[in-house]
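**Student:** Below is a structure I'd like to ask you about.
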Protein chains: 2
Amino acid sequence: LTKPPPDARAPSGSALIGQGVGAIDTPALVVDLDAMERNLARMVAFARAQGVRLRPHAKMHKSAALARLQMQAGAVGVCVQKTSEAEVLAMGGVDNIFISNEVIAPHKLQRVAKLAAALHSRGGRLAIAVDSLAGVQSLAQAMGMGQELIDVFVELDVGHGRCGVTTPEATVALAREIARHPQLRFAGLQAYHGRAQHLRSVQERREAFALVLARVQAACAALQAAGLPAVLVTGAGTGTFALEAASGVYGELQAGSFLFMDADYARNEADPAQPSFEHALFVKTQVMSVCATHAVCDAGHKSHAIDSGLPLVLGAALEYGNGGDEHGLLRATRPDARLPALGDVLWLIPGHCDPTVNLHDVLIGVRGGLEHGVVEQLIRVDARGALT
Amino acid sequence: LTKPPPDARAPSGSALIGQGVGAIDTPALVVDLDAMERNLARMVAFARAQGVRLRPHAKMHKSAALARLQMQAGAVGVCVQKTSEAEVLAMGGVDNIFISNEVIAPHKLQRVAKLAAALHSRGGRLAIAVDSLAGVQSLAQAMGMGQELIDVFVELDVGHGRCGVTTPEATVALAREIARHPQLRFAGLQAYHGRAQHLRSVQERREAFALVLARVQAACAALQAAGLPAVLVTGAGTGTFALEAASGVYGELQAGSFLFMDADYARNEADPAQPSFEHALFVKTQVMSVCATHAVCDAGHKSHAIDSGLPLVLGAALEYGNGGDEHGLLRATRPDARLPALGDVLWLIPGHCDPTVNLHDVLIGVRGGLEHGVVEQLIRVDARGALT
């Protein structure tokens, strides 16, 4: 296999630091650094005021530089979903990482053990979630014979219907199993309801969270009765975090998308208890074909994920239609709106941050706005494609 | 920016050549080389028997090694959609490339010109599509003052409703403009109907193609009358190529997906005029959580694209449900079917090849089947993320 030289990839979404926004080739993924920093400051201030820890989900940005920025601003660490994401971020200087997901394969658990030791030796910490006795046992086996080498959270299914145990009895059984192994530290509960984040009305999200809270409280009560109290309950996303923060039960928030804000989260009715966030992630695109009925831009679903809906067009009376991997179809949303001309530049707001970021090698960080700004930073998407 | 060392990425879907299939970490994208080679042989034999050229779309596999394999088997070259894809494949030794898409930005056209010269100097050839007078003029300006340095195809909109000119008059106007510039060679017509590929019944596809053919014939007649005959009509995909081949008008087939065959193309009613193709692309995945109602595997839509539907589960009475970026939800499709156990391996057939391949750095080529086979080749996805 011949690996193409590094500059073979340079044309894709590349720009030079110091160049104006106009020089960014299309399509490219651009971060409005001013908006991003305001979003981060608002979230940090919120968590501080509520007296809860902030551990943003780094599966959103996949960048060691942004994880470090979040920790410098006050986050205690970050979450990831995969062992390889944790490895890549650790290599990029991130010392406190929670794999908020189950890891089962023995060879992956060997990597988890190696990473836990490496972070520990740097004064950091690795944590992981479990939802099966077999999972705890395999983890303990991989971790070897040290003392409390890794924090282990029992994952509860709090309504999402994916991973996690469903009863207080199973929660206690797993906590007991963790406690049997001196190399593991029972750290508490992982309790995240993904679908609740995207319920549109505040009322729906409150109702969903009431059920989440009841399950968490039942688990906590059972653990207390068993003499294995949960040290920490961790969870929450950008749609519900104010509810977790006010619950008196959650001690840590895992929201990630607030940093970039996507079109899907913007469809939620705003919760007055939450700070508001600005869109900070955009796909720069150019019109490459025009006809009487529509224009075509050079960004299709190879440039942005469409699992949570198509992108919005920033500041234009245009609707984006799916034109395949490499094209977007732009149609006027009002009879008096004009279609863009050949060569025009447009800015798309992606439907879903996380998988959109995963399609790009670099986030182009712009200072001073999308119209007259300058490229200040090229943020490498370190964990792009980190699947295992 | 610190680039992680190369082996930071090695864990993702990696395997060593010579290892058994069981050693492939999950999730990973795996190619059944035997099935792929049978698919290629069938397509080459079909094109030869029909007397048409084969120019597979390399946006499907994004690999220079597979493009070269196709050309060694008899393809005249490959198509791509983006300038950067053409650059990466050219760097990987592919000499005959058609950018079957419009390129508008002057700085991109400079790259096109450079690439055309490089391929020409190697005895190869670059081609491109146009659908506007401004596009032809910008291309001519970038190409400079040589003679017939690039083949230029006028793209027709033959029913897809995306790019392309819509009238015979506009076709002739563009051909005339191309002919005015000695550095360009008017090579014929690009005529591809993407949506027609996925019409489910043979009858629907035939009806759609009748309209395609009428538009192509009208364009050809107008060009003939204007003294600018189309040397070649090129187009077709895996859903309709037997129709283009039998038309007497198309001289070149651009089908790409036949090589890997995805779940979406397999939903088409088989056309008896086409050879049949086997699934050759799979996501290997492992069960990481189980409960009474479902199992959860470690492949979500970060492992496979879902724009054309969710993946199928190979050889199991299981339905795959969307569990987000990193998870798949597996439910039994029959009351008597058993859910898989923790740690079990499953094979998914992705809904859509092209964007699935774009999520991976490497295709793991297996010889001898998915059960007992051996890793024979690691095929780099050279043009992954090549957006510009």
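FYI, nothing fancy with the structure tokens labels: chains A, B, ... in order, residues from 1 per chain, ligands from 1 as they appear.
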Write out as number ranges by chain each polymer residue whose atoms come within 9 Å of segment 154-169 of chain B, counting only C-alpha atoms; drop sequence neighbours fewer than 6 positions from it.
**Tutor:** A: 288-291, 294-296, 323, 327-329; B: 100-102, 128-132, 175, 186-196, 208-209, 211-216, 218-223
**Student:** For the residues in that selection, give me C-alpha atoms as a PDB file, in the first residue's frame.
**Tutor:**
```
ATOM      1  CA  MET A 288     -21.436  25.164  -9.158  1.00  0.00           C
ATOM      2  CA  SER A 289     -24.506  24.920 -11.411  1.00  0.00           C
ATOM      3  CA  VAL A 290     -27.633  26.983 -11.887  1.00  0.00           C
ATOM      4  CA  CYS A 291     -30.811  26.606 -13.915  1.00  0.00           C
ATOM      5  CA  HIS A 294     -32.727  25.650  -8.716  1.00  0.00           C
ATOM      6  CA  ALA A 295     -29.046  26.105  -7.994  1.00  0.00           C
ATOM      7  CA  VAL A 296     -26.599  23.334  -7.095  1.00  0.00           C
ATOM      8  CA  GLY A 323     -28.482  16.083  -4.103  1.00  0.00           C
ATOM      9  CA  HIS A 327     -24.312  18.066  -4.382  1.00  0.00           C
ATOM     10  CA  GLY A 328     -26.919  20.156  -2.631  1.00  0.00           C
ATOM     11  CA  LEU A 329     -30.060  21.403  -4.398  1.00  0.00           C
TER      12      LEU A 329
ATOM     13  CA  SER B 100     -17.919  13.784 -14.387  1.00  0.00           C
ATOM     14  CA  ASN B 101     -18.994  16.961 -12.656  1.00  0.00           C
ATOM     15  CA  GLU B 102     -18.722  20.737 -12.971  1.00  0.00           C
ATOM     16  CA  ILE B 128     -14.285  17.058 -17.274  1.00  0.00           C
ATOM     17  CA  ALA B 129     -17.973  17.985 -17.541  1.00  0.00           C
ATOM     18  CA  VAL B 130     -19.449  21.446 -18.069  1.00  0.00           C
ATOM     19  CA  ASP B 131     -22.963  22.832 -18.021  1.00  0.00           C
ATOM     20  CA  SER B 132     -22.474  26.606 -18.394  1.00  0.00           C
ATOM     21  CA  ALA B 175     -20.345  22.588 -27.713  1.00  0.00           C
ATOM     22  CA  PHE B 186     -15.335  18.604 -27.297  1.00  0.00           C
ATOM     23  CA  ALA B 187     -15.649  14.920 -26.428  1.00  0.00           C
ATOM     24  CA  GLY B 188     -19.374  14.341 -26.224  1.00  0.00           C
ATOM     25  CA  LEU B 189     -22.160  14.120 -23.677  1.00  0.00           C
ATOM     26  CA  GLN B 190     -22.319  13.242 -19.981  1.00  0.00           C
ATOM     27  CA  ALA B 191     -25.835  11.859 -19.442  1.00  0.00           C
ATOM     28  CA  TYR B 192     -26.512  10.180 -16.092  1.00  0.00           C
ATOM     29  CA  HIS B 193     -29.846   9.835 -14.312  1.00  0.00           C
ATOM     30  CA  GLY B 194     -29.036   9.058 -10.694  1.00  0.00           C
ATOM     31  CA  ARG B 195     -32.539   8.593  -9.359  1.00  0.00           C
ATOM     32  CA  ALA B 196     -33.449   6.179 -12.166  1.00  0.00           C
ATOM     33  CA  ALA B 208     -37.261   6.427 -16.988  1.00  0.00           C
ATOM     34  CA  PHE B 209     -34.582   5.414 -19.463  1.00  0.00           C
ATOM     35  CA  LEU B 211     -37.005   9.658 -21.409  1.00  0.00           C
ATOM     36  CA  VAL B 212     -33.244   9.726 -20.876  1.00  0.00           C
ATOM     37  CA  LEU B 213     -32.689   8.318 -24.335  1.00  0.00           C
ATOM     38  CA  ALA B 214     -35.083  10.766 -25.958  1.00  0.00           C
ATOM     39  CA  ARG B 215     -33.179  13.699 -24.453  1.00  0.00           C
ATOM     40  CA  VAL B 216     -29.809  12.272 -25.462  1.00  0.00           C
ATOM     41  CA  ALA B 218     -32.395  15.101 -29.336  1.00  0.00           C
ATOM     42  CA  ALA B 219     -29.084  16.545 -28.162  1.00  0.00           C
ATOM     43  CA  CYS B 220     -27.114  14.308 -30.542  1.00  0.00           C
ATOM     44  CA  ALA B 221     -29.319  15.288 -33.481  1.00  0.00           C
ATOM     45  CA  ALA B 222     -28.905  18.987 -32.726  1.00  0.00           C
ATOM     46  CA  LEU B 223     -25.135  18.586 -32.411  1.00  0.00           C
TER      47      LEU B 223
END
```
**Student:** For chain B against chain A, which residues fall within 6 Å using only C-alpha atoms, given as a PyMOL selection string?
**Tutor:** chain B and resi 12+26-27+104+163+288-289+386-388
**Student:** Could those residues be written to a file, using all heavy atoms, as a PDB file, in the first residue's frame?
**Tutor:**
```
ATOM      1  N   SER B  12      -8.058   1.475  14.377  1.00  0.00           N
ATOM      2  CA  SER B  12      -9.378   1.572  13.759  1.00  0.00           C
ATOM      3  C   SER B  12      -9.505   0.609  12.591  1.00  0.00           C
ATOM      4  O   SER B  12      -8.976   0.858  11.527  1.00  0.00           O
ATOM      5  CB  SER B  12      -9.626   2.990  13.266  1.00  0.00           C
ATOM      6  OG  SER B  12      -9.734   3.848  14.362  1.00  0.00           O
ATOM      7  N   THR B  26     -13.346  -4.731  15.595  1.00  0.00           N
ATOM      8  CA  THR B  26     -14.643  -4.203  15.161  1.00  0.00           C
ATOM      9  C   THR B  26     -14.871  -2.798  15.702  1.00  0.00           C
ATOM     10  O   THR B  26     -14.328  -2.463  16.751  1.00  0.00           O
ATOM     11  CB  THR B  26     -15.779  -5.107  15.673  1.00  0.00           C
ATOM     12  OG1 THR B  26     -15.734  -5.134  17.107  1.00  0.00           O
ATOM     13  CG2 THR B  26     -15.706  -6.484  15.086  1.00  0.00           C
ATOM     14  N   PRO B  27     -15.714  -2.003  14.990  1.00  0.00           N
ATOM     15  CA  PRO B  27     -16.223  -2.286  13.654  1.00  0.00           C
ATOM     16  C   PRO B  27     -15.156  -2.041  12.592  1.00  0.00           C
ATOM     17  O   PRO B  27     -14.265  -1.222  12.788  1.00  0.00           O
ATOM     18  CB  PRO B  27     -17.382  -1.295  13.507  1.00  0.00           C
ATOM     19  CG  PRO B  27     -17.025  -0.166  14.404  1.00  0.00           C
ATOM     20  CD  PRO B  27     -16.228  -0.740  15.536  1.00  0.00           C
ATOM     21  N   ILE B 104     -15.955  24.966 -10.952  1.00  0.00           N
ATOM     22  CA  ILE B 104     -16.220  26.379 -11.232  1.00  0.00           C
ATOM     23  C   ILE B 104     -15.145  27.305 -10.673  1.00  0.00           C
ATOM     24  O   ILE B 104     -14.725  28.259 -11.322  1.00  0.00           O
ATOM     25  CB  ILE B 104     -17.613  26.760 -10.642  1.00  0.00           C
ATOM     26  CG1 ILE B 104     -18.732  26.058 -11.425  1.00  0.00           C
ATOM     27  CG2 ILE B 104     -17.818  28.269 -10.616  1.00  0.00           C
ATOM     28  CD1 ILE B 104     -18.770  26.405 -12.901  1.00  0.00           C
ATOM     29  N   CYS B 163     -27.584  18.879 -12.006  1.00  0.00           N
ATOM     30  CA  CYS B 163     -26.784  19.673 -12.928  1.00  0.00           C
ATOM     31  C   CYS B 163     -27.166  19.306 -14.369  1.00  0.00           C
ATOM     32  O   CYS B 163     -27.912  18.372 -14.623  1.00  0.00           O
ATOM     33  CB  CYS B 163     -25.298  19.420 -12.703  1.00  0.00           C
ATOM     34  SG  CYS B 163     -24.734  19.745 -11.014  1.00  0.00           S
ATOM     35  N   MET B 288     -22.123  -5.842  21.978  1.00  0.00           N
ATOM     36  CA  MET B 288     -21.483  -5.268  23.167  1.00  0.00           C
ATOM     37  C   MET B 288     -22.447  -5.080  24.334  1.00  0.00           C
ATOM     38  O   MET B 288     -22.021  -4.665  25.414  1.00  0.00           O
ATOM     39  CB  MET B 288     -20.846  -3.937  22.805  1.00  0.00           C
ATOM     40  CG  MET B 288     -21.762  -3.117  21.944  1.00  0.00           C
ATOM     41  SD  MET B 288     -21.416  -1.372  21.875  1.00  0.00           S
ATOM     42  CE  MET B 288     -21.491  -0.868  23.546  1.00  0.00           C
ATOM     43  N   SER B 289     -23.720  -5.377  24.122  1.00  0.00           N
ATOM     44  CA  SER B 289     -24.702  -5.245  25.200  1.00  0.00           C
ATOM     45  C   SER B 289     -25.922  -6.078  24.794  1.00  0.00           C
ATOM     46  O   SER B 289     -26.282  -6.118  23.615  1.00  0.00           O
ATOM     47  CB  SER B 289     -25.089  -3.774  25.380  1.00  0.00           C
ATOM     48  OG  SER B 289     -26.092  -3.617  26.366  1.00  0.00           O
ATOM     49  N   ALA B 386     -11.915  13.458   0.369  1.00  0.00           N
ATOM     50  CA  ALA B 386     -11.497  14.365  -0.718  1.00  0.00           C
ATOM     51  C   ALA B 386     -12.722  15.130  -1.194  1.00  0.00           C
ATOM     52  O   ALA B 386     -13.484  14.647  -2.027  1.00  0.00           O
ATOM     53  CB  ALA B 386     -10.861  13.567  -1.854  1.00  0.00           C
ATOM     54  N   LEU B 387     -12.919  16.311  -0.663  1.00  0.00           N
ATOM     55  CA  LEU B 387     -14.170  17.050  -0.868  1.00  0.00           C
ATOM     56  C   LEU B 387     -14.057  18.161  -1.893  1.00  0.00           C
ATOM     57  O   LEU B 387     -15.066  18.560  -2.475  1.00  0.00           O
ATOM     58  CB  LEU B 387     -14.608  17.674   0.460  1.00  0.00           C
ATOM     59  CG  LEU B 387     -15.165  16.697   1.493  1.00  0.00           C
ATOM     60  CD1 LEU B 387     -15.132  17.293   2.884  1.00  0.00           C
ATOM     61  CD2 LEU B 387     -16.578  16.308   1.105  1.00  0.00           C
ATOM     62  N   THR B 388     -12.876  18.690  -2.099  1.00  0.00           N
ATOM     63  CA  THR B 388     -12.791  19.933  -2.883  1.00  0.00           C
ATOM     64  C   THR B 388     -12.586  19.686  -4.379  1.00  0.00           C
ATOM     65  O   THR B 388     -12.185  18.616  -4.776  1.00  0.00           O
ATOM     66  CB  THR B 388     -11.621  20.802  -2.381  1.00  0.00           C
ATOM     67  OG1 THR B 388     -10.401  20.072  -2.553  1.00  0.00           O
ATOM     68  CG2 THR B 388     -11.815  21.187  -0.941  1.00  0.00           C
TER      69      THR B 388
END
```
**Student:** Using atom CA of Met36 of chain B and atom CA of Met261 of chain B as the two end points, give the distance in Å to one decimal.
**Tutor:**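 Rounded to one decimal, the two atoms are 8.9 Å apart.
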**Student:** Could you give me, as a PyMOL selection string, the residues within 9 Å of Arg185 of chain B, counting only C-alpha atoms and dropping anything in the same chain fewer than 5 positions from it?
**Tutor:** chain B and resi 147-153+178-179
**Student:** Store the residues picked out above in a file with N, CA and C atoms, as a PDB file, in the first residue's frame.
**Tutor:**
```pdb
ATOM      1  N   GLN B 147      -2.876  22.583 -27.110  1.00  0.00           N
ATOM      2  CA  GLN B 147      -3.868  22.036 -28.043  1.00  0.00           C
ATOM      3  C   GLN B 147      -4.564  20.831 -27.417  1.00  0.00           C
ATOM      4  N   GLU B 148      -5.884  20.884 -27.342  1.00  0.00           N
ATOM      5  CA  GLU B 148      -6.704  19.738 -26.916  1.00  0.00           C
ATOM      6  C   GLU B 148      -6.122  19.061 -25.676  1.00  0.00           C
ATOM      7  N   LEU B 149      -5.935  19.854 -24.638  1.00  0.00           N
ATOM      8  CA  LEU B 149      -5.282  19.349 -23.435  1.00  0.00           C
ATOM      9  C   LEU B 149      -6.232  18.568 -22.541  1.00  0.00           C
ATOM     10  N   ILE B 150      -7.524  18.724 -22.767  1.00  0.00           N
ATOM     11  CA  ILE B 150      -8.496  18.080 -21.898  1.00  0.00           C
ATOM     12  C   ILE B 150      -9.753  17.756 -22.698  1.00  0.00           C
ATOM     13  N   ASP B 151     -10.369  16.632 -22.390  1.00  0.00           N
ATOM     14  CA  ASP B 151     -11.650  16.270 -23.003  1.00  0.00           C
ATOM     15  C   ASP B 151     -12.767  16.933 -22.218  1.00  0.00           C
ATOM     16  N   VAL B 152     -13.691  17.547 -22.932  1.00  0.00           N
ATOM     17  CA  VAL B 152     -14.778  18.253 -22.255  1.00  0.00           C
ATOM     18  C   VAL B 152     -16.111  17.679 -22.710  1.00  0.00           C
ATOM     19  N   PHE B 153     -16.892  17.228 -21.745  1.00  0.00           N
ATOM     20  CA  PHE B 153     -18.224  16.685 -22.011  1.00  0.00           C
ATOM     21  C   PHE B 153     -19.276  17.693 -21.558  1.00  0.00           C
ATOM     22  N   ILE B 178     -17.027  25.343 -26.508  1.00  0.00           N
ATOM     23  CA  ILE B 178     -15.864  24.461 -26.308  1.00  0.00           C
ATOM     24  C   ILE B 178     -14.990  24.459 -27.572  1.00  0.00           C
ATOM     25  N   ALA B 179     -15.655  24.338 -28.731  1.00  0.00           N
ATOM     26  CA  ALA B 179     -14.916  24.241 -30.001  1.00  0.00           C
ATOM     27  C   ALA B 179     -14.146  25.524 -30.317  1.00  0.00           C
TER      28      ALA B 179
END
```
**Student:** I'd like to know which residues of segment 104-284 of chain A are strand (DSSP E) (by DSSP, run on the backbone); could you write them as a PyMOL selection string?
**Tutor:** chain A and resi 125-130+150-155+184-190+232-235+252-253+281-284
**Student:** Would you return as number ranges by chain the members of segment 137-335 of chain B that DSSP assigns to alpha helix (DSSP H) on this structure's backbone?
**Tutor:** B: 137-143, 168-180, 202-225, 241-246, 263-266
**Student:** Using only N, CA and C atoms, please write the residues we just selected to a file, as a compact mmCIF listing (two decimals), in the first residue's frame.
**Tutor:**
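Wrote result.txt, looks like this:
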```txt
# COMPACT_ATOMS: atom_id res chain seq x y z
N GLN B 137 -15.65 28.93 -20.24
CA GLN B 137 -14.69 30.03 -20.39
C GLN B 137 -13.63 30.01 -19.27
N SER B 138 -14.08 29.74 -18.04
CA SER B 138 -13.11 29.67 -16.94
C SER B 138 -12.14 28.51 -17.15
N LEU B 139 -12.68 27.39 -17.62
CA LEU B 139 -11.84 26.22 -17.87
C LEU B 139 -10.81 26.54 -18.95
N ALA B 140 -11.26 27.16 -20.04
CA ALA B 140 -10.35 27.49 -21.15
C ALA B 140 -9.25 28.42 -20.67
N GLN B 141 -9.62 29.39 -19.84
CA GLN B 141 -8.64 30.33 -19.31
C GLN B 141 -7.59 29.61 -18.47
N ALA B 142 -8.05 28.68 -17.62
CA ALA B 142 -7.11 27.95 -16.77
C ALA B 142 -6.20 27.04 -17.59
N MET B 143 -6.73 26.49 -18.69
CA MET B 143 -5.98 25.49 -19.46
C MET B 143 -4.85 26.13 -20.27
N PRO B 168 -31.64 21.02 -26.28
CA PRO B 168 -30.67 20.81 -27.35
C PRO B 168 -29.96 22.11 -27.74
N GLU B 169 -30.68 23.23 -27.68
CA GLU B 169 -30.08 24.53 -28.04
C GLU B 169 -28.91 24.86 -27.10
N ALA B 170 -29.15 24.65 -25.80
CA ALA B 170 -28.09 24.94 -24.83
C ALA B 170 -26.91 23.99 -25.01
N THR B 171 -27.21 22.75 -25.38
CA THR B 171 -26.15 21.77 -25.64
C THR B 171 -25.26 22.24 -26.78
N VAL B 172 -25.88 22.66 -27.86
CA VAL B 172 -25.13 23.13 -29.03
C VAL B 172 -24.33 24.38 -28.67
N ALA B 173 -24.95 25.28 -27.92
CA ALA B 173 -24.24 26.52 -27.54
C ALA B 173 -22.97 26.19 -26.76
N LEU B 174 -23.06 25.22 -25.85
CA LEU B 174 -21.86 24.87 -25.08
C LEU B 174 -20.83 24.17 -25.95
N ALA B 175 -21.30 23.28 -26.83
CA ALA B 175 -20.34 22.59 -27.71
C ALA B 175 -19.62 23.61 -28.59
N ARG B 176 -20.36 24.60 -29.09
CA ARG B 176 -19.73 25.66 -29.91
C ARG B 176 -18.68 26.41 -29.11
N GLU B 177 -19.03 26.72 -27.85
CA GLU B 177 -18.09 27.47 -27.01
C GLU B 177 -16.83 26.64 -26.76
N ILE B 178 -17.03 25.34 -26.51
CA ILE B 178 -15.86 24.46 -26.31
C ILE B 178 -14.99 24.46 -27.57
N ALA B 179 -15.65 24.34 -28.73
CA ALA B 179 -14.92 24.24 -30.00
C ALA B 179 -14.15 25.52 -30.32
N ARG B 180 -14.57 26.65 -29.75
CA ARG B 180 -13.88 27.93 -29.97
C ARG B 180 -12.50 27.96 -29.32
N VAL B 202 -38.11 -3.20 -12.90
CA VAL B 202 -37.47 -3.11 -14.21
C VAL B 202 -38.28 -2.19 -15.11
N GLN B 203 -39.61 -2.31 -15.03
CA GLN B 203 -40.49 -1.51 -15.87
C GLN B 203 -40.29 0.00 -15.59
N GLU B 204 -40.24 0.36 -14.33
CA GLU B 204 -40.01 1.78 -13.99
C GLU B 204 -38.69 2.28 -14.54
N ARG B 205 -37.66 1.46 -14.40
CA ARG B 205 -36.35 1.89 -14.89
C ARG B 205 -36.36 2.02 -16.42
N ARG B 206 -37.07 1.10 -17.08
CA ARG B 206 -37.16 1.20 -18.55
C ARG B 206 -37.88 2.48 -18.96
N GLU B 207 -38.96 2.79 -18.24
CA GLU B 207 -39.71 4.01 -18.59
C GLU B 207 -38.85 5.26 -18.37
N ALA B 208 -38.13 5.27 -17.25
CA ALA B 208 -37.26 6.43 -16.99
C ALA B 208 -36.19 6.52 -18.06
N PHE B 209 -35.66 5.38 -18.47
CA PHE B 209 -34.58 5.41 -19.46
C PHE B 209 -35.09 5.84 -20.84
N ALA B 210 -36.34 5.54 -21.14
CA ALA B 210 -36.89 5.99 -22.43
C ALA B 210 -36.83 7.51 -22.53
N LEU B 211 -37.08 8.19 -21.41
CA LEU B 211 -37.01 9.66 -21.41
C LEU B 211 -35.55 10.13 -21.48
N VAL B 212 -34.68 9.41 -20.79
CA VAL B 212 -33.24 9.73 -20.88
C VAL B 212 -32.80 9.66 -22.33
N LEU B 213 -33.15 8.56 -22.97
CA LEU B 213 -32.69 8.32 -24.33
C LEU B 213 -33.24 9.37 -25.29
N ALA B 214 -34.49 9.74 -25.08
CA ALA B 214 -35.08 10.77 -25.96
C ALA B 214 -34.30 12.07 -25.84
N ARG B 215 -33.93 12.44 -24.63
CA ARG B 215 -33.18 13.70 -24.45
C ARG B 215 -31.78 13.60 -25.07
N VAL B 216 -31.14 12.45 -24.90
CA VAL B 216 -29.81 12.27 -25.46
C VAL B 216 -29.88 12.30 -26.99
N GLN B 217 -30.88 11.62 -27.55
CA GLN B 217 -31.00 11.58 -29.02
C GLN B 217 -31.28 12.98 -29.58
N ALA B 218 -32.11 13.74 -28.87
CA ALA B 218 -32.39 15.10 -29.34
C ALA B 218 -31.12 15.95 -29.31
N ALA B 219 -30.34 15.78 -28.26
CA ALA B 219 -29.08 16.54 -28.16
C ALA B 219 -28.13 16.12 -29.27
N CYS B 220 -28.03 14.81 -29.49
CA CYS B 220 -27.11 14.31 -30.54
C CYS B 220 -27.53 14.82 -31.92
N ALA B 221 -28.84 14.82 -32.18
CA ALA B 221 -29.32 15.29 -33.48
C ALA B 221 -29.00 16.77 -33.67
N ALA B 222 -29.19 17.55 -32.62
CA ALA B 222 -28.91 18.99 -32.73
C ALA B 222 -27.41 19.23 -32.93
N LEU B 223 -26.59 18.45 -32.25
CA LEU B 223 -25.13 18.59 -32.41
C LEU B 223 -24.72 18.21 -33.83
N GLN B 224 -25.30 17.13 -34.33
CA GLN B 224 -25.01 16.68 -35.69
C GLN B 224 -25.35 17.78 -36.70
N ALA B 225 -26.53 18.33 -36.50
CA ALA B 225 -26.99 19.38 -37.42
C ALA B 225 -26.08 20.60 -37.36
N PHE B 241 -27.54 0.06 -16.32
CA PHE B 241 -26.50 0.06 -17.36
C PHE B 241 -26.82 -0.84 -18.56
N ALA B 242 -27.64 -1.87 -18.36
CA ALA B 242 -27.97 -2.73 -19.51
C ALA B 242 -28.80 -1.95 -20.53
N LEU B 243 -29.56 -0.98 -20.05
CA LEU B 243 -30.36 -0.16 -20.96
C LEU B 243 -29.47 0.77 -21.76
N GLU B 244 -28.54 1.44 -21.11
CA GLU B 244 -27.61 2.30 -21.83
C GLU B 244 -26.80 1.47 -22.83
N ALA B 245 -26.36 0.28 -22.38
CA ALA B 245 -25.51 -0.54 -23.25
C ALA B 245 -26.25 -0.96 -24.52
N ALA B 246 -27.56 -1.21 -24.39
CA ALA B 246 -28.35 -1.69 -25.53
C ALA B 246 -28.90 -0.55 -26.38
N ALA B 263 -26.94 -2.79 0.00
CA ALA B 263 -28.29 -3.27 0.33
C ALA B 263 -29.34 -2.55 -0.50
N ASP B 264 -29.09 -1.27 -0.81
CA ASP B 264 -30.08 -0.53 -1.58
C ASP B 264 -30.20 -1.07 -3.00
N TYR B 265 -29.09 -1.26 -3.69
CA TYR B 265 -29.17 -1.81 -5.05
C TYR B 265 -29.78 -3.21 -5.05
N ALA B 266 -29.56 -3.95 -3.96
CA ALA B 266 -30.13 -5.30 -3.91
C ALA B 266 -31.65 -5.27 -3.77
```
**Student:** I'd like the neighbourhood of Leu40 of chain B as a ChimeraX atom specification, where a residue qualifies if any of its atoms comes within 12 Å (using only C-alpha atoms), though same-chain residues fewer than 2 positions away should be ignored.
**Tutor:** /B:33-38,42-47,54-56,66-67,69-75,255-261,275-278,280
**Student:** Mind giving me the straight-line distance from atom CA of Glu371 of chain A to atom CA of Gly351 of chain A in Å, one decimal?
**Tutor:**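 Rounded to one decimal, the two atoms are 21.6 Å apart.
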**Student:** Would you compute the distance between atom CA of Val31 of chain B and atom CA of His304 of chain B? Give it in Å to one decimal.
**Tutor:**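 Here the two named atoms are 13.8 Å from each other.
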**Student:** Excluding same-chain residues fewer than 4 positions from Gly368 of chain B, what lies within 8 Å of it counting only C-alpha atoms, as a list in words?
**Tutor:** Asp32, Asp34, His372, Gly373 and Val374 of chain B
**Student:** I need the residues from that last selection saved to file as a short mmCIF file (atom, residue, chain, number, x, y, z; two decimals), in the first residue's frame (with all heavy atoms), if you can.
**Tutor:**
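Output file result18.cif is given in full below:
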```
data_model
loop_
_atom_site.label_atom_id
_atom_site.label_comp_id
_atom_site.auth_asym_id
_atom_site.auth_seq_id
_atom_site.Cartn_x
_atom_site.Cartn_y
_atom_site.Cartn_z
N ASP B 32 -14.97 -8.77 0.61
CA ASP B 32 -14.82 -10.16 0.20
C ASP B 32 -14.20 -10.14 -1.20
O ASP B 32 -14.89 -9.88 -2.19
CB ASP B 32 -16.20 -10.83 0.20
CG ASP B 32 -16.16 -12.29 -0.24
OD1 ASP B 32 -15.23 -12.67 -0.99
OD2 ASP B 32 -17.07 -13.04 0.14
N ASP B 34 -13.02 -12.36 -3.21
CA ASP B 34 -13.52 -13.33 -4.20
C ASP B 34 -14.80 -12.80 -4.85
O ASP B 34 -14.93 -12.81 -6.07
CB ASP B 34 -13.77 -14.68 -3.53
CG ASP B 34 -12.53 -15.22 -2.82
OD1 ASP B 34 -11.56 -15.55 -3.52
OD2 ASP B 34 -12.52 -15.26 -1.58
N HIS B 372 -14.11 -18.29 7.31
CA HIS B 372 -12.80 -18.91 7.55
C HIS B 372 -11.68 -18.22 6.77
O HIS B 372 -10.57 -18.75 6.68
CB HIS B 372 -12.85 -20.39 7.15
CG HIS B 372 -13.91 -21.16 7.87
ND1 HIS B 372 -13.88 -21.34 9.24
CD2 HIS B 372 -15.05 -21.74 7.44
CE1 HIS B 372 -14.95 -22.03 9.61
NE2 HIS B 372 -15.69 -22.29 8.55
N GLY B 373 -11.98 -17.06 6.19
CA GLY B 373 -11.02 -16.40 5.30
C GLY B 373 -9.84 -15.78 6.03
O GLY B 373 -9.74 -15.79 7.25
N VAL B 374 -8.95 -15.25 5.22
CA VAL B 374 -7.70 -14.66 5.70
C VAL B 374 -7.57 -13.26 5.11
O VAL B 374 -7.97 -13.02 3.97
CB VAL B 374 -6.51 -15.56 5.28
CG1 VAL B 374 -5.18 -14.86 5.45
CG2 VAL B 374 -6.54 -16.87 6.05
#
```
